[in-house]
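Below is one structure, written out as structure tokens, with a few remarks after it.
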Amino acid sequence: NSARAWVKPEAQGSLVTVTADAGTDTANGLRFLLESPLHDSFGTIFDTWQPTGRLGISLNLQVPVGDNPVPQQIAVDVHSLGSTLVIPEYSLQFDNVLGQVRYTTDGGLQARDLSASLFDFPIVASIDSQTTGATHLTRVTGEGHARVDALSDWAGQPLFVSRLLENTSGEIDYQLQLDFPGEVKADGTSTLLQLQSNLLGVTSTLPEPFTKSADESRPLVLEYGFSETGNADLLALRYANLFSGQLVLDARGINRGQLDFGDRNRTFTMRQSD
């Protein structure tokens, strides 16, 4: 571990620069981020995450002093060395996380080509941050592969989806997107999970029109809005040109919603129905 600091006189005031490099366990690295001023920059995204493993951390901090008008600049590079990351509220566990995540004052959180294991298969992911005015969004995108029985066992999904998956078998490729807006939206949801797949490799024994063989392509899109206020979760879905809808889910299952089949589905616009 090493650290260095120096002061540089400027035309107005001074500029203090601090650099540091350290190796630590992943839990301590996350605790440092949560207890530092950086926490205000990315909100409550990581507050409940449960990490284990090892990290390498590099810090570069530039602080204006006196009348120096230069804005403060922060750059933190975190290199995961095979960590495990559990997100308990979504029942997701990422194993053997490898790669670098970078935070800067101007760019927020950024990462490219992070690798990990999810649902017992490799996944490659990226992280991007977007800021519009006072609104912050952190987006995780990834591509992976999974067995249907592993997806069926995922505790973070609605029960009726798990029961539908019990009538399917095989393996799929999928695209994942997790949006962390940093604030609760008007509908009571915060985090949005989107899963997309063409379902190639999956066999379905559900009744028509949902029966399919493994070599048939049937595009599926699921968007799941997790409630952060104790209210109902929201699930929007589209299955090929056959079926689409939006459901409001509570602790007992489906509370209400709207489903469209056939021709009406082709012009269906996602909306909440009471």
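Ordering of the structure tokens sets the chain letters (A, B, ...), residue numbers begin anew at 1 in every chain, and ligands are numbered from 1 in the order given.
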Leaving out region 211-213 of chain A and any residue of its chain fewer than 2 positions from it, which residues lie within 12 Å of it when counting only C-alpha atoms, given as a PyMOL selection string?
chain A and resi 164+167-170+198-209+215-219+240+242
Write out, as JSON lines, each residue of region 74-180 of chain A that has an atom at most 9 Å from region 7-27 of chain A, together with the closest pair of atoms and their distance in Å to one decimal, counting only C-alpha atoms, rows going by chain and rising number.
```
{"residue": "A:Ser80", "atom": "CA", "partner": "A:Thr26", "partner_atom": "CA", "distance": 7.8}
{"residue": "A:Ser83", "atom": "CA", "partner": "A:Thr26", "partner_atom": "CA", "distance": 6.9}
{"residue": "A:Thr84", "atom": "CA", "partner": "A:Thr26", "partner_atom": "CA", "distance": 8.6}
```
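Proximity of A:Asp47, A:Ile254, A:Glu166, A:Ser58 to Leu34 (chain A), computed with only C-alpha atoms, is greatest for A:Asp47.
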Taking the DSSP assignment computed from this structure's backbone, write out as a VMD selection string all residues of region 60-165 of chain A that belong to helix (DSSP H, G or I).
chain A and resid 88 to 90 148 to 152 159 to 165
For the residues selected in the previous step, produce a file with C-alpha atoms as a PDB file, in the first residue's frame.
```pdb
ATOM      1  CA  PRO A  88     -29.864  -9.773  -1.742  1.00  0.00           C
ATOM      2  CA  GLU A  89     -32.952  -7.741  -2.681  1.00  0.00           C
ATOM      3  CA  TYR A  90     -32.873  -9.295  -6.171  1.00  0.00           C
ATOM      4  CA  VAL A 148     -33.793 -22.912 -17.912  1.00  0.00           C
ATOM      5  CA  ASP A 149     -33.913 -24.907 -14.675  1.00  0.00           C
ATOM      6  CA  ALA A 150     -31.453 -22.425 -13.089  1.00  0.00           C
ATOM      7  CA  LEU A 151     -33.697 -19.535 -14.176  1.00  0.00           C
ATOM      8  CA  SER A 152     -36.723 -21.382 -12.794  1.00  0.00           C
ATOM      9  CA  LEU A 159     -43.863 -17.171  -8.649  1.00  0.00           C
ATOM     10  CA  PHE A 160     -46.103 -17.539 -11.692  1.00  0.00           C
ATOM     11  CA  VAL A 161     -43.100 -16.990 -14.023  1.00  0.00           C
ATOM     12  CA  SER A 162     -41.202 -19.722 -12.196  1.00  0.00           C
ATOM     13  CA  ARG A 163     -44.173 -22.062 -12.628  1.00  0.00           C
ATOM     14  CA  LEU A 164     -44.345 -21.313 -16.350  1.00  0.00           C
ATOM     15  CA  LEU A 165     -40.646 -22.123 -16.672  1.00  0.00           C
TER      16      LEU A 165
END
```
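Between CA of Ser227 (chain A) and CA of Gln194 (chain A) there is a distance of 14.7 Å.
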